[in-house]
Amino acid sequence: MASTLIHSLQGLIIGHSKRVQGPAMQELPQLGPGAFILIENGKVVKTGNQAETPERADRMIDGAGRFVLPSWVDSHTHLVFAGSRETEFVDRLRGFSYEVIAQRGGGILNSANRLRAMPEEELYEQSLARLEEIRQFGTGVLEIKSGYGLSLESELKILRVIRRLKETSGMPIRASFLGAHSIPMEYRENRAAYLRLVQEEMLPQVAGEGLADYIDVFCEKVAFSVAETEQLLEAGWKYGLKPKIHVNQFYALGGIPMACKQGAISVDHLEVMDPDDIQALQQSSIIATLLPTAPFFLRDPLPNARELLEAGIPVALASDYNPGTTPSGRMGFVVSLACIQMRMLPEEAINAATINGAAALEWDDEYGSLHPGKWASLQITDPIPSLDYLPYRFGNDHTWKAFVEGKEV
Ligand SMILES: [Zn+2]
């Protein structure tokens with residue numbers, strides 16, 4: 001029975017055992033100077049204060065001056081993609097909008113063309129390298145979407161790469177089927193035919209091979225209407241896929257009340273919100289997942305996190321790691337940005353990036369906090385004066401060591 005003891009910590013952030021909302025978002029359960037955490041067989045078995053520290057373990061780590069906190073849970077990524085899109089990045093600097101670039105066949109369609117051309121093995125290698133990089137920076141649970149395929153064959157290629165990452169990387173991963181990410185060029189004059197392709201060919205095969213945990217749709221003017229999204233979510237339910245959707249990134253079209261009615265697990269983006277949207281969320285149990293690096297990169301207004309928090313809505317933070325609008329999976333920066341630009345308090349941002357991210361993947365009973373019985377997925381920081389220092393000193397990597405399910409990565 002291999003055991004690891006991390007002792008003499010400046011602070012041990014245990015976190016909440018389940019998702020949090022309302023005033024509890026500002027609380028971060030923790031043990032003070034001298035705390036320890038004992039890990040056995042990948043799980044947390046005991047935590048406590050200095051006086052209760054066990055005398056020995058197979059591996060002892062001196063945590064003096066350091067903090068331990070749960071791994072980041074990145075509940076929204078597009079990590080499996082082919083190549084990069086810095087040319088469009090420069091186009092945007094020259095003044096072209098996301099919508100104009102999308103209409104010219106750039107954006108998602110550009111990524112889809114590259115992905116279709118890339119052999120599955122190369123796609124796997126590129127994606128694994130990205131996963132290994134973010135794992136060093138403290139991410140210990142991940143969601144990955146398809147959506148850069150936009151054909152039966154290519155969507156399956158992405159989802160099979162995700163499955164292989166699940167099997168080989170040791171990282172807990174949930175997969176979302178996002179065949180309805182954009183209308184491919186060849187279907188621009190016949191949207192109904194693409195919707196049929198997603199519902200009648202992609203969904204049965206994706207579900208049949210057990211390749212996805214969720215269905216996602218990009219509900220937006222440049223992508224799918226509220227009615228189309230609802231039709232797709234209903235089709236997903238027939239195959240047992242629960243919805244998690246991209247919504248209210250550029251326009252409030254009524255997608256949030258629809259997602260609430262459809263029993264979505266999370267609604268993601270929320271840069272633009274109507275009062276009806278807030279009310280619908282308050283009356284549901286849906287997680288509001290904010291992705292502040294995307295509007296940061298696009299120079300769009302960031303979501304109004306304070307409004308959501310003060311309305312008592314459970315907020316999660318995720319990276320949206322993707323080649324078009326967030327070519328970075330650094331959750332530490334997401335947390336800093338949430339504090340600096342959305343005025344989330346450090347405690348709120350850390351809860352949002354850990355336990356509420358886990359809740360957005362229906363995994364808060366296993367990950368997202370460090371209660372005995374949960375997986376020991378955690379990060380040990382460099383010596384830092386306080387936890388507030390993490391978001392304050394933005395852009396730095398504060399992770400000294402990272403553990404996923406008890407194994408150092
Ligand atoms: Zn996204």
# chains A, B, ... in the order shown; residues from 1 in each chain; ligands from 1
$ residues_around --residues "region 373-377 of chain A" --least-positions-apart "4" --cutoff "12 Å" --atoms "only C-alpha atoms" --output "VMD selection string"
chain A and resid 3 to 6 14 to 18 37 to 47 68 to 73 135 138 to 142 170 to 172 354 to 355 358 363 to 369 401 to 409
$ write_last_selection --atoms "C-alpha atoms" --output "PDB file, in the first residue's frame"
ATOM      1  CA  SER A   3       1.451   6.066   0.856  1.00  0.00           C
ATOM      2  CA  THR A   4       2.503   9.686   0.431  1.00  0.00           C
ATOM      3  CA  LEU A   5       2.492  12.246   3.219  1.00  0.00           C
ATOM      4  CA  ILE A   6       2.688  15.965   2.477  1.00  0.00           C
ATOM      5  CA  ILE A  14      -9.654  21.095   1.349  1.00  0.00           C
ATOM      6  CA  GLY A  15     -12.532  22.818  -0.409  1.00  0.00           C
ATOM      7  CA  HIS A  16     -16.238  22.039  -0.376  1.00  0.00           C
ATOM      8  CA  SER A  17     -17.367  18.443  -0.725  1.00  0.00           C
ATOM      9  CA  LYS A  18     -20.079  19.321  -3.244  1.00  0.00           C
ATOM     10  CA  ILE A  37      -2.519  15.332   3.854  1.00  0.00           C
ATOM     11  CA  LEU A  38      -1.995  11.574   3.668  1.00  0.00           C
ATOM     12  CA  ILE A  39      -2.535   9.721   0.374  1.00  0.00           C
ATOM     13  CA  GLU A  40      -2.906   5.962  -0.063  1.00  0.00           C
ATOM     14  CA  ASN A  41      -3.711   4.083  -3.252  1.00  0.00           C
ATOM     15  CA  GLY A  42      -4.454   7.293  -5.067  1.00  0.00           C
ATOM     16  CA  LYS A  43      -7.045   8.503  -2.558  1.00  0.00           C
ATOM     17  CA  VAL A  44      -6.997  11.026   0.256  1.00  0.00           C
ATOM     18  CA  VAL A  45      -7.143   9.022   3.495  1.00  0.00           C
ATOM     19  CA  LYS A  46      -6.524  11.654   6.148  1.00  0.00           C
ATOM     20  CA  THR A  47      -6.009  15.378   6.624  1.00  0.00           C
ATOM     21  CA  VAL A  68      -1.808  22.286  -1.310  1.00  0.00           C
ATOM     22  CA  LEU A  69      -5.006  22.791  -3.230  1.00  0.00           C
ATOM     23  CA  PRO A  70      -7.233  20.531  -5.341  1.00  0.00           C
ATOM     24  CA  SER A  71      -6.244  20.139  -9.000  1.00  0.00           C
ATOM     25  CA  TRP A  72      -7.879  22.520 -11.404  1.00  0.00           C
ATOM     26  CA  VAL A  73     -10.909  20.945 -13.069  1.00  0.00           C
ATOM     27  CA  ARG A 135      -1.103  18.737 -16.250  1.00  0.00           C
ATOM     28  CA  GLY A 138      -2.116  21.814 -12.087  1.00  0.00           C
ATOM     29  CA  THR A 139      -5.033  20.627 -14.250  1.00  0.00           C
ATOM     30  CA  GLY A 140      -6.129  17.213 -12.971  1.00  0.00           C
ATOM     31  CA  VAL A 141      -9.567  16.662 -14.517  1.00  0.00           C
ATOM     32  CA  LEU A 142     -10.499  17.518 -18.077  1.00  0.00           C
ATOM     33  CA  GLY A 170      -4.054   8.570 -16.601  1.00  0.00           C
ATOM     34  CA  MET A 171      -6.105  11.800 -16.657  1.00  0.00           C
ATOM     35  CA  PRO A 172      -9.828  11.554 -15.857  1.00  0.00           C
ATOM     36  CA  THR A 354     -12.183  23.199  -8.736  1.00  0.00           C
ATOM     37  CA  ILE A 355     -15.364  21.866  -7.114  1.00  0.00           C
ATOM     38  CA  ALA A 358     -16.154  19.017 -11.144  1.00  0.00           C
ATOM     39  CA  TRP A 363     -17.841  14.385 -10.861  1.00  0.00           C
ATOM     40  CA  ASP A 364     -17.947  16.420  -7.640  1.00  0.00           C
ATOM     41  CA  ASP A 365     -18.315  13.237  -5.592  1.00  0.00           C
ATOM     42  CA  GLU A 366     -14.851  12.072  -6.745  1.00  0.00           C
ATOM     43  CA  TYR A 367     -12.825  15.164  -7.674  1.00  0.00           C
ATOM     44  CA  GLY A 368     -12.641  18.896  -7.018  1.00  0.00           C
ATOM     45  CA  SER A 369     -11.804  18.856  -3.294  1.00  0.00           C
ATOM     46  CA  LYS A 401       4.413  19.505  -8.021  1.00  0.00           C
ATOM     47  CA  ALA A 402       1.148  18.161  -9.406  1.00  0.00           C
ATOM     48  CA  PHE A 403      -0.540  14.863  -8.541  1.00  0.00           C
ATOM     49  CA  VAL A 404      -3.332  13.152 -10.471  1.00  0.00           C
ATOM     50  CA  GLU A 405      -5.088  10.358  -8.582  1.00  0.00           C
ATOM     51  CA  GLY A 406      -2.168  10.133  -6.179  1.00  0.00           C
ATOM     52  CA  LYS A 407       0.533   9.919  -8.859  1.00  0.00           C
ATOM     53  CA  GLU A 408       3.027  12.712  -9.354  1.00  0.00           C
ATOM     54  CA  VAL A 409       2.954  13.944 -12.967  1.00  0.00           C
TER      55      VAL A 409
END
$ residues_near_ligand --ligand "ligand 1" --cutoff "7 Å" --atoms "only C-alpha atoms and all ligand atoms" --output "list in words"
His76, Thr77, His78, His246 and Asp320 of chain A
$ closest_residue --among "A:Lys166, A:Val226, A:Leu317, A:Pro119" --to "Asn351 (chain A)" --atoms "only C-alpha atoms"
A:Leu317
$ select_by_dssp --residues "region 137-346 of chain A" --states "strand (DSSP E or B)" --output "number ranges by chain"
A: 139-145, 173-180, 214-219, 224, 242-247, 266-269, 287-290, 315-317, 322, 326
$ write_last_selection --atoms "C-alpha atoms" --output "short mmCIF file (atom, residue, chain, number, x, y, z; two decimals), in the first residue's frame"
data_model
loop_
_atom_site.label_atom_id
_atom_site.label_comp_id
_atom_site.auth_asym_id
_atom_site.auth_seq_id
_atom_site.Cartn_x
_atom_site.Cartn_y
_atom_site.Cartn_z
CA THR A 139 -5.03 20.63 -14.25
CA GLY A 140 -6.13 17.21 -12.97
CA VAL A 141 -9.57 16.66 -14.52
CA LEU A 142 -10.50 17.52 -18.08
CA GLU A 143 -13.41 17.74 -20.47
CA ILE A 144 -12.67 17.60 -24.20
CA LYS A 145 -15.09 18.27 -27.08
CA ILE A 173 -11.58 12.89 -18.97
CA ARG A 174 -15.20 13.46 -20.00
CA ALA A 175 -15.99 13.68 -23.73
CA SER A 176 -18.61 15.88 -25.37
CA PHE A 177 -19.93 15.42 -28.89
CA LEU A 178 -20.02 18.83 -30.59
CA GLY A 179 -20.87 17.86 -34.17
CA ALA A 180 -23.06 21.00 -34.21
CA TYR A 214 -22.43 14.76 -23.30
CA ILE A 215 -23.87 16.54 -26.33
CA ASP A 216 -22.82 20.13 -26.99
CA VAL A 217 -24.15 22.65 -29.52
CA PHE A 218 -22.91 26.16 -30.38
CA CYS A 219 -26.13 28.15 -30.02
CA PHE A 224 -27.19 27.17 -34.63
CA LYS A 242 -27.02 15.06 -21.50
CA PRO A 243 -26.59 18.61 -22.80
CA LYS A 244 -23.79 21.08 -22.03
CA ILE A 245 -23.96 23.97 -24.47
CA HIS A 246 -22.11 27.00 -25.82
CA VAL A 247 -24.55 29.87 -25.45
CA SER A 266 -24.05 23.50 -17.73
CA VAL A 267 -24.39 26.57 -19.93
CA ASP A 268 -21.02 27.86 -21.05
CA HIS A 269 -19.75 31.36 -22.11
CA ILE A 287 -23.84 25.43 -13.58
CA ALA A 288 -22.88 28.70 -15.28
CA THR A 289 -19.44 28.07 -16.78
CA LEU A 290 -17.45 31.19 -17.58
CA VAL A 315 -20.36 29.54 -11.26
CA ALA A 316 -17.54 27.44 -12.73
CA LEU A 317 -14.41 28.60 -14.56
CA ASN A 322 -8.89 25.94 -28.48
CA THR A 326 -7.88 30.57 -26.36
#
$ residues_around --residues "Thr53 (chain A)" --least-positions-apart "5" --cutoff "8 Å" --atoms "only C-alpha atoms" --output "list in words"
His7, Ala35, Phe36 and Gly48 of chain A
$ write_last_selection --atoms "N, CA, C and O atoms" --output "PDB file, in the first residue's frame"
ATOM      1  N   HIS A   7       3.473  17.152   4.444  1.00  0.00           N
ATOM      2  CA  HIS A   7       3.313  17.663   5.810  1.00  0.00           C
ATOM      3  C   HIS A   7       3.869  19.078   5.970  1.00  0.00           C
ATOM      4  O   HIS A   7       4.521  19.609   5.064  1.00  0.00           O
ATOM      5  N   ALA A  35      -0.499  21.964   8.535  1.00  0.00           N
ATOM      6  CA  ALA A  35      -1.439  20.916   8.095  1.00  0.00           C
ATOM      7  C   ALA A  35      -0.734  19.821   7.282  1.00  0.00           C
ATOM      8  O   ALA A  35       0.333  20.037   6.717  1.00  0.00           O
ATOM      9  N   PHE A  36      -1.370  18.650   7.253  1.00  0.00           N
ATOM     10  CA  PHE A  36      -0.841  17.544   6.431  1.00  0.00           C
ATOM     11  C   PHE A  36      -1.980  16.911   5.637  1.00  0.00           C
ATOM     12  O   PHE A  36      -3.167  17.074   5.964  1.00  0.00           O
ATOM     13  N   GLY A  48      -5.242  16.801   8.431  1.00  0.00           N
ATOM     14  CA  GLY A  48      -5.314  17.299   9.808  1.00  0.00           C
ATOM     15  C   GLY A  48      -4.256  18.334  10.092  1.00  0.00           C
ATOM     16  O   GLY A  48      -3.523  18.770   9.187  1.00  0.00           O
TER      17      GLY A  48
END
$ closest_residue --among "A:Leu337, A:Leu233, A:Ala259, A:Ala352" --to "Pro314 (chain A)" --atoms "only C-alpha atoms"
A:Ala352
$ closest_residue --among "A:Gly332, A:Ile265, A:Ile256, A:Gly83" --to "Ser319 (chain A)" --atoms "only C-alpha atoms"
A:Gly332
$ residues_around --residues "region 200-208 of chain A" --least-positions-apart "3" --cutoff "12 Å" --atoms "only C-alpha atoms" --output "ChimeraX atom specification"
/A:146-147,149-160,163,175-180,192-197,211-216,232-242
$ closest_residue --among "A:Glu348, A:Glu120, A:Glu125, A:Glu230" --to "Leu309 (chain A)" --atoms "only C-alpha atoms"
A:Glu348
$ atom_distance --atom1 "CA of Phe250 (chain A)" --atom2 "CA of Pro292 (chain A)"
13.3 Å
$ closest_residue --among "A:Pro385, A:Gly11, A:Pro391, A:Pro372" --to "Ala349 (chain A)" --atoms "only C-alpha atoms"
A:Pro391
$ closest_residue --among "A:Gln136, A:Ser127, A:Gln21, A:Gln199" --to "Leu165 (chain A)" --atoms "only C-alpha atoms"
A:Ser127
$ atom_distance --atom1 "CA of Ile61 (chain A)" --atom2 "CA of Leu28 (chain A)"
23.5 Å
$ atom_distance --atom1 "CA of Thr229 (chain A)" --atom2 "CA of Gln262 (chain A)"
10.2 Å
